[in-house]
$ cat upload.pdb   # PDB, C-alpha atoms
ATOM      1  CA  MET Y 492      15.000 -92.149  48.858
ATOM      2  CA  GLU Y 493      13.501 -93.782  51.938
ATOM      3  CA  VAL Y 494      10.923 -91.980  54.080
ATOM      4  CA  LYS Y 495      11.919 -92.196  57.748
ATOM      5  CA  THR Y 496       8.899 -90.443  59.281
ATOM      6  CA  GLY Y 497       6.191 -87.959  58.479
ATOM      7  CA  LEU Y 498       5.468 -84.571  59.992
ATOM      8  CA  TRP Y 499       2.137 -83.704  61.577
ATOM      9  CA  LYS Y 500       0.736 -80.177  61.605
ATOM     10  CA  LYS Y 501       0.247 -78.970  65.180
ATOM     11  CA  THR Y 502      -0.830 -75.722  66.829
ATOM     12  CA  SER Y 503       0.662 -74.239  69.981
ATOM     13  CA  LYS Y 504      -1.420 -74.287  73.157
ATOM     14  CA  ASP Y 505      -2.209 -70.586  72.815
ATOM     15  CA  GLY Y 506      -3.167 -71.072  69.145
ATOM     16  CA  ALA Y 507      -0.665 -68.488  67.906
ATOM     17  CA  THR Y 508       1.926 -70.775  66.289
ATOM     18  CA  THR Y 509       1.622 -73.535  63.713
ATOM     19  CA  TYR Y 510       4.459 -76.043  63.522
ATOM     20  CA  TYR Y 511       5.178 -79.537  62.182
ATOM     21  CA  PHE Y 512       6.346 -82.413  64.340
ATOM     22  CA  GLY Y 513       7.448 -86.001  63.794
ATOM     23  CA  GLN Y 514       9.448 -88.629  65.610
ATOM     24  CA  ARG Y 515      10.934 -92.066  65.160
ATOM     25  CA  ASP Y 516      13.367 -94.233  67.094
ATOM     26  CA  GLY Y 517      14.139 -91.602  69.725
ATOM     27  CA  VAL Y 518      14.636 -88.732  67.269
ATOM     28  CA  LYS Y 519      12.176 -85.834  67.327
ATOM     29  CA  VAL Y 520      12.000 -83.283  64.496
ATOM     30  CA  THR Y 521      10.158 -79.965  64.748
ATOM     31  CA  LEU Y 522       9.829 -77.493  61.866
ATOM     32  CA  PHE Y 523       8.483 -73.979  62.384
ATOM     33  CA  LYS Y 524       8.435 -70.501  60.834
ATOM     34  CA  ASN Y 525      11.375 -68.250  61.684
ATOM     35  CA  THR Y 526       9.691 -65.389  63.561
ATOM     36  CA  ARG Y 527      13.027 -63.546  63.856
ATOM     37  CA  LYS Y 528      13.603 -63.222  60.091
ATOM     38  CA  LYS Y 529      14.856 -59.726  59.322
ATOM     39  CA  ASN Y 530      16.236 -60.045  55.781
ATOM     40  CA  ASP Y 531      16.515 -62.458  52.835
ATOM     41  CA  ASN Y 532      19.701 -64.018  54.270
ATOM     42  CA  ASP Y 533      17.786 -65.347  57.284
ATOM     43  CA  PRO Y 534      16.081 -68.749  56.904
ATOM     44  CA  ASP Y 535      12.314 -68.913  56.385
ATOM     45  CA  LEU Y 536      12.009 -71.974  58.630
ATOM     46  CA  ASN Y 537      13.817 -73.356  61.674
ATOM     47  CA  VAL Y 538      14.383 -77.040  62.429
ATOM     48  CA  ILE Y 539      14.917 -78.557  65.868
ATOM     49  CA  VAL Y 540      16.298 -82.099  66.048
ATOM     50  CA  ASP Y 541      16.188 -83.720  69.485
ATOM     51  CA  ILE Y 542      17.932 -87.077  69.876
ATOM     52  CA  GLU Y 543      16.911 -88.962  73.005
ATOM     53  CA  ASP Y 544      17.996 -92.201  74.619
ATOM     54  CA  GLY Y 545      15.689 -95.150  74.037
ATOM     55  CA  ALA Y 546      13.298 -96.006  71.274
ATOM     56  CA  GLY Y 547      10.762 -93.633  69.781
ATOM     57  CA  GLN Y 548       7.407 -94.416  68.293
ATOM     58  CA  GLU Y 549       6.850 -96.892  65.500
ATOM     59  CA  TYR Y 550       7.101 -95.603  61.944
ATOM     60  CA  GLY Y 551       3.954 -93.868  60.781
ATOM     61  CA  ALA Y 552       2.406 -93.430  64.218
ATOM     62  CA  PRO Y 553       1.260 -89.863  64.925
ATOM     63  CA  PRO Y 554       2.864 -88.170  67.923
ATOM     64  CA  ARG Y 555       1.168 -88.664  71.281
ATOM     65  CA  GLU Y 556      -0.865 -85.731  72.547
ATOM     66  CA  ASP Y 557       0.776 -86.028  75.966
ATOM     67  CA  ASP Y 558       4.274 -85.875  74.453
ATOM     68  CA  ASP Y 559       6.614 -83.427  76.153
ATOM     69  CA  SER Y 560       8.871 -82.503  73.255
ATOM     70  CA  GLY Y 561      10.585 -79.658  75.075
ATOM     71  CA  ILE Y 562       9.298 -77.144  72.507
ATOM     72  CA  PRO Y 563       8.390 -73.883  74.297
ATOM     73  CA  PHE Y 564       4.797 -73.642  73.046
TER      74      PHE Y 564
END

$ encode --input "upload.pdb" --output "structure tokens"
Amino acid sequence: MEVKTGLWKKTSKDGATTYYFGQRDGVKVTLFKNTRKKNDNDPDLNVIVDIEDGAGQEYGAPPREDDDSGIPF
């Protein structure tokens, strides 16, 4: 198995939500707790995959602090 990127632990601006974020070659991945879970059939975590035009950051580079990932935090 080949590792494509890592995920970095982040906290929302209001400090209420912890999530994990990584990106490479124009693909952004965000992983966060499912706050709408009502029963065991609902997933524990949600994943957002955002594919953009153009190149992303180099492998292994942490996400920029000024990155606008489109995540509503």

$ residues_near_point --input "upload.pdb" --point "(7.0, -84.6, 60.3)" --cutoff "6 Å" --atoms "only C-alpha atoms" --output "PyMOL selection string"
chain Y and resi 497-499+511-513

$ atom_distance --input "upload.pdb" --atom1 "atom CA of Y:Val494" --atom2 "atom CA of Y:Pro534"
24.0 Å

$ residues_around --input "upload.pdb" --residues "Y:Val518" --least-positions-apart "3" --cutoff "7 Å" --atoms "all atoms listed in the file" --output "list in words"
Gln514, Arg515, Val540, Asp541, Ile542, Glu543 and Gly547 of chain Y

$ axis_aligned_box --input "upload.pdb" --around "stretch 498-514 of chain Y" --padding-each-side "6 Å" --output "JSON"
{"center_x": 3.1, "center_y": -78.6, "center_z": 66.6, "size_x": 24.6, "size_y": 32.1, "size_z": 25.2}

$ atom_distance --input "upload.pdb" --atom1 "atom CA of Y:Val520" --atom2 "atom CA of Y:Asn537"
10.5 Å

$ atom_distance --input "upload.pdb" --atom1 "atom CA of Y:Gly506" --atom2 "atom CA of Y:Leu536"
18.5 Å

$ resolve_selection --input "upload.pdb" --expression "the PyMOL selection byres ((chain Y and resi 535) around 9)" --output "list in words"
Phe523, Lys524, Asn525, Thr526, Lys528, Asp531, Asp533, Pro534, Leu536 and Asn537 of chain Y

$ closest_residue --input "upload.pdb" --among "Y:Val538, Y:Leu522, Y:Thr496, Y:Asn532" --to "Y:Thr509" --atoms "all atoms listed in the file"
Y:Leu522
